[in-house]
Amino acid sequence: MKAVVITVSDACARGEREDASGAALAELLSELGAEIVERKIISDDLEPLTQMLRRYAERSDVDVIITTGGTGLGPRDNTPEATLRVIEREAPGIAEAMRADSLKVTPMAMLSRGVCGVRSGTLIINLPGSPKAVRESFAVIAPVLPHALDLLAGKTRH
């Protein structure tokens, strides 16, 4: 599993806040056996994020891109829009499962607009921006992530 972690945060991009969410996500992916190909921090600007997602999705050495941040209702929260511009097919069950599980912890989960989908055989998953939400959401997807990537690679299990 070859992963790219993208933190979407104006404050982190300006160096005003430590990227705790990206660090947590990279650690969780590594524990799952993933190789972190790249770890990036980008502002909430729509077009640069769209271009970054497209560029990584089309690389042959990237299987999964997981973003953290920019999924709420704020006026600068553009991660879902950028992801929708890039993906060729949605994977709504992943986002639905994360929201459903998070709702057991906090009613604020219903405000998450994160989406998931596929471009060029690469899975793109939007996670919320807090380290706590990253850990909770990752726990939901971790059991299915290897199988999802196998399916995208054409490896079906019988």
# chains A, B, ... in the order shown; residues from 1 in each chain; ligands from 1
call {"tool": "residues_around", "arguments": {"residues": "stretch 126-130 of chain A", "least_positions_apart": "6", "cutoff": "6 Å", "atoms": "only C-alpha atoms", "output": "NGL selection string"}}
result
:A and (21 or 66-69 or 71 or 114-115)
call {"tool": "select_by_dssp", "arguments": {"residues": "chain A", "states": "strand (DSSP E or B)", "output": "ChimeraX atom specification"}}
result
/A:2-8,35-42,64-68,89-90,116-119,122-127
call {"tool": "write_last_selection", "arguments": {"atoms": "N, CA and C atoms", "output": "mmCIF file, in the first residue's frame"}}
result
data_model
loop_
_atom_site.group_PDB
_atom_site.id
_atom_site.type_symbol
_atom_site.label_atom_id
_atom_site.label_comp_id
_atom_site.auth_asym_id
_atom_site.auth_seq_id
_atom_site.Cartn_x
_atom_site.Cartn_y
_atom_site.Cartn_z
ATOM 1 N N LYS A 2 0.725 2.063 -1.024
ATOM 2 C CA LYS A 2 1.528 3.281 -1.147
ATOM 3 C C LYS A 2 0.604 4.480 -1.025
ATOM 4 N N ALA A 3 0.825 5.279 0.002
ATOM 5 C CA ALA A 3 -0.124 6.321 0.374
ATOM 6 C C ALA A 3 0.458 7.725 0.301
ATOM 7 N N VAL A 4 -0.428 8.662 0.002
ATOM 8 C CA VAL A 4 -0.127 10.083 0.092
ATOM 9 C C VAL A 4 -1.065 10.668 1.137
ATOM 10 N N VAL A 5 -0.508 11.441 2.059
ATOM 11 C CA VAL A 5 -1.282 12.121 3.096
ATOM 12 C C VAL A 5 -1.268 13.605 2.773
ATOM 13 N N ILE A 6 -2.451 14.188 2.649
ATOM 14 C CA ILE A 6 -2.569 15.618 2.365
ATOM 15 C C ILE A 6 -3.370 16.281 3.472
ATOM 16 N N THR A 7 -2.740 17.234 4.150
ATOM 17 C CA THR A 7 -3.429 18.033 5.160
ATOM 18 C C THR A 7 -3.902 19.310 4.484
ATOM 19 N N VAL A 8 -5.201 19.558 4.584
ATOM 20 C CA VAL A 8 -5.802 20.744 3.974
ATOM 21 C C VAL A 8 -6.137 21.716 5.101
ATOM 22 N N GLU A 35 3.390 2.374 2.914
ATOM 23 C CA GLU A 35 4.555 3.218 2.667
ATOM 24 C C GLU A 35 4.017 4.624 2.388
ATOM 25 N N ILE A 36 4.496 5.604 3.121
ATOM 26 C CA ILE A 36 4.067 6.984 2.895
ATOM 27 C C ILE A 36 4.939 7.552 1.770
ATOM 28 N N VAL A 37 4.355 7.685 0.593
ATOM 29 C CA VAL A 37 5.070 8.170 -0.589
ATOM 30 C C VAL A 37 5.331 9.670 -0.458
ATOM 31 N N GLU A 38 4.321 10.402 0.007
ATOM 32 C CA GLU A 38 4.431 11.849 0.199
ATOM 33 C C GLU A 38 3.510 12.260 1.345
ATOM 34 N N ARG A 39 3.908 13.339 1.984
ATOM 35 C CA ARG A 39 3.052 13.967 2.997
ATOM 36 C C ARG A 39 3.097 15.460 2.712
ATOM 37 N N LYS A 40 1.933 16.040 2.416
ATOM 38 C CA LYS A 40 1.861 17.434 1.998
ATOM 39 C C LYS A 40 0.892 18.219 2.870
ATOM 40 N N ILE A 41 1.151 19.515 2.940
ATOM 41 C CA ILE A 41 0.240 20.465 3.578
ATOM 42 C C ILE A 41 -0.105 21.492 2.519
ATOM 43 N N ILE A 42 -1.388 21.782 2.374
ATOM 44 C CA ILE A 42 -1.844 22.736 1.368
ATOM 45 C C ILE A 42 -2.953 23.598 1.965
ATOM 46 N N VAL A 64 -3.369 5.063 -2.714
ATOM 47 C CA VAL A 64 -4.411 5.726 -1.924
ATOM 48 C C VAL A 64 -3.940 7.123 -1.526
ATOM 49 N N ILE A 65 -4.870 8.070 -1.598
ATOM 50 C CA ILE A 65 -4.631 9.427 -1.132
ATOM 51 C C ILE A 65 -5.639 9.664 -0.023
ATOM 52 N N ILE A 66 -5.158 10.039 1.149
ATOM 53 C CA ILE A 66 -6.077 10.354 2.241
ATOM 54 C C ILE A 66 -5.828 11.793 2.646
ATOM 55 N N THR A 67 -6.915 12.559 2.613
ATOM 56 C CA THR A 67 -6.835 13.955 3.019
ATOM 57 C C THR A 67 -7.359 14.085 4.440
ATOM 58 N N THR A 68 -6.892 15.115 5.130
ATOM 59 C CA THR A 68 -7.431 15.449 6.438
ATOM 60 C C THR A 68 -7.677 16.948 6.449
ATOM 61 N N ARG A 89 -15.243 7.837 -10.149
ATOM 62 C CA ARG A 89 -16.331 7.057 -9.538
ATOM 63 C C ARG A 89 -16.337 7.324 -8.043
ATOM 64 N N GLU A 90 -17.527 7.486 -7.478
ATOM 65 C CA GLU A 90 -17.627 7.664 -6.029
ATOM 66 C C GLU A 90 -17.601 6.314 -5.321
ATOM 67 N N CYS A 116 -15.527 10.135 -0.899
ATOM 68 C CA CYS A 116 -14.497 9.160 -1.259
ATOM 69 C C CYS A 116 -14.772 8.698 -2.676
ATOM 70 N N GLY A 117 -13.703 8.381 -3.376
ATOM 71 C CA GLY A 117 -13.879 7.903 -4.736
ATOM 72 C C GLY A 117 -12.578 7.447 -5.351
ATOM 73 N N VAL A 118 -12.639 7.167 -6.644
ATOM 74 C CA VAL A 118 -11.516 6.578 -7.356
ATOM 75 C C VAL A 118 -11.196 7.401 -8.597
ATOM 76 N N ARG A 119 -9.903 7.594 -8.820
ATOM 77 C CA ARG A 119 -9.408 8.161 -10.079
ATOM 78 C C ARG A 119 -8.170 7.379 -10.490
ATOM 79 N N THR A 122 -6.684 4.911 -8.211
ATOM 80 C CA THR A 122 -6.245 5.397 -6.902
ATOM 81 C C THR A 122 -7.465 5.764 -6.066
ATOM 82 N N LEU A 123 -7.501 5.271 -4.846
ATOM 83 C CA LEU A 123 -8.584 5.571 -3.924
ATOM 84 C C LEU A 123 -8.289 6.888 -3.219
ATOM 85 N N ILE A 124 -9.277 7.782 -3.191
ATOM 86 C CA ILE A 124 -9.147 9.065 -2.504
ATOM 87 C C ILE A 124 -10.189 9.101 -1.395
ATOM 88 N N ILE A 125 -9.731 9.375 -0.175
ATOM 89 C CA ILE A 125 -10.605 9.383 1.002
ATOM 90 C C ILE A 125 -10.419 10.700 1.741
ATOM 91 N N ASN A 126 -11.524 11.382 2.030
ATOM 92 C CA ASN A 126 -11.489 12.619 2.819
ATOM 93 C C ASN A 126 -11.800 12.302 4.274
ATOM 94 N N LEU A 127 -10.889 12.687 5.177
ATOM 95 C CA LEU A 127 -11.123 12.569 6.613
ATOM 96 C C LEU A 127 -11.285 13.967 7.208
#
call {"tool": "select_by_dssp", "arguments": {"residues": "stretch 23-143 of chain A", "states": "alpha helix (DSSP H)", "output": "ChimeraX atom specification"}}
result
/A:23-31,46-57,79-86,92-103,131-141
call {"tool": "closest_residue", "arguments": {"among": "A:Leu151, A:Leu145, A:Val134, A:Met52", "to": "A:Ala24", "atoms": "only C-alpha atoms"}}
result
A:Val134
call {"tool": "residues_around", "arguments": {"residues": "A:Gly72", "least_positions_apart": "6", "cutoff": "10 Å", "atoms": "only C-alpha atoms", "output": "count of residues only"}}
result
12
call {"tool": "closest_residue", "arguments": {"among": "A:Ile141, A:Ala153, A:Leu73, A:Ile87", "to": "A:Ser60", "atoms": "only C-alpha atoms"}}
result
A:Ala153
call {"tool": "decode", "arguments": {"residues": "stretch 30-47 of chain A", "atoms": "N, CA and C atoms", "output": "mmCIF file, in the first residue's frame"}}
result
data_model
loop_
_atom_site.group_PDB
_atom_site.id
_atom_site.type_symbol
_atom_site.label_atom_id
_atom_site.label_comp_id
_atom_site.auth_asym_id
_atom_site.auth_seq_id
_atom_site.Cartn_x
_atom_site.Cartn_y
_atom_site.Cartn_z
ATOM 1 N N SER A 30 1.178 3.903 8.493
ATOM 2 C CA SER A 30 2.413 3.126 8.672
ATOM 3 C C SER A 30 2.166 1.882 9.509
ATOM 4 N N GLU A 31 1.364 2.017 10.558
ATOM 5 C CA GLU A 31 1.027 0.865 11.406
ATOM 6 C C GLU A 31 0.273 -0.197 10.619
ATOM 7 N N LEU A 32 -0.452 0.233 9.587
ATOM 8 C CA LEU A 32 -1.200 -0.699 8.741
ATOM 9 C C LEU A 32 -0.291 -1.325 7.675
ATOM 10 N N GLY A 33 0.956 -0.869 7.628
ATOM 11 C CA GLY A 33 1.917 -1.414 6.679
ATOM 12 C C GLY A 33 2.087 -0.592 5.415
ATOM 13 N N ALA A 34 1.498 0.589 5.381
ATOM 14 C CA ALA A 34 1.603 1.436 4.192
ATOM 15 C C ALA A 34 2.953 2.136 4.128
ATOM 16 N N GLU A 35 3.390 2.374 2.914
ATOM 17 C CA GLU A 35 4.555 3.218 2.667
ATOM 18 C C GLU A 35 4.017 4.624 2.388
ATOM 19 N N ILE A 36 4.496 5.604 3.121
ATOM 20 C CA ILE A 36 4.067 6.984 2.895
ATOM 21 C C ILE A 36 4.939 7.552 1.770
ATOM 22 N N VAL A 37 4.355 7.685 0.593
ATOM 23 C CA VAL A 37 5.070 8.170 -0.589
ATOM 24 C C VAL A 37 5.331 9.670 -0.458
ATOM 25 N N GLU A 38 4.321 10.402 0.007
ATOM 26 C CA GLU A 38 4.431 11.849 0.199
ATOM 27 C C GLU A 38 3.510 12.260 1.345
ATOM 28 N N ARG A 39 3.908 13.339 1.984
ATOM 29 C CA ARG A 39 3.052 13.967 2.997
ATOM 30 C C ARG A 39 3.097 15.460 2.712
ATOM 31 N N LYS A 40 1.933 16.040 2.416
ATOM 32 C CA LYS A 40 1.861 17.434 1.998
ATOM 33 C C LYS A 40 0.892 18.219 2.870
ATOM 34 N N ILE A 41 1.151 19.515 2.940
ATOM 35 C CA ILE A 41 0.240 20.465 3.578
ATOM 36 C C ILE A 41 -0.105 21.492 2.519
ATOM 37 N N ILE A 42 -1.388 21.782 2.374
ATOM 38 C CA ILE A 42 -1.844 22.736 1.368
ATOM 39 C C ILE A 42 -2.953 23.598 1.965
ATOM 40 N N SER A 43 -3.083 24.804 1.463
ATOM 41 C CA SER A 43 -4.151 25.696 1.922
ATOM 42 C C SER A 43 -5.501 25.176 1.436
ATOM 43 N N ASP A 44 -6.558 25.794 1.884
ATOM 44 C CA ASP A 44 -7.913 25.387 1.516
ATOM 45 C C ASP A 44 -8.349 25.890 0.136
ATOM 46 N N ASP A 45 -7.450 26.437 -0.640
ATOM 47 C CA ASP A 45 -7.817 26.946 -1.960
ATOM 48 C C ASP A 45 -8.209 25.801 -2.884
ATOM 49 N N LEU A 46 -9.341 25.939 -3.546
ATOM 50 C CA LEU A 46 -9.932 24.866 -4.345
ATOM 51 C C LEU A 46 -9.050 24.393 -5.506
ATOM 52 N N GLU A 47 -8.618 25.293 -6.334
ATOM 53 C CA GLU A 47 -7.909 24.887 -7.553
ATOM 54 C C GLU A 47 -6.556 24.216 -7.271
#
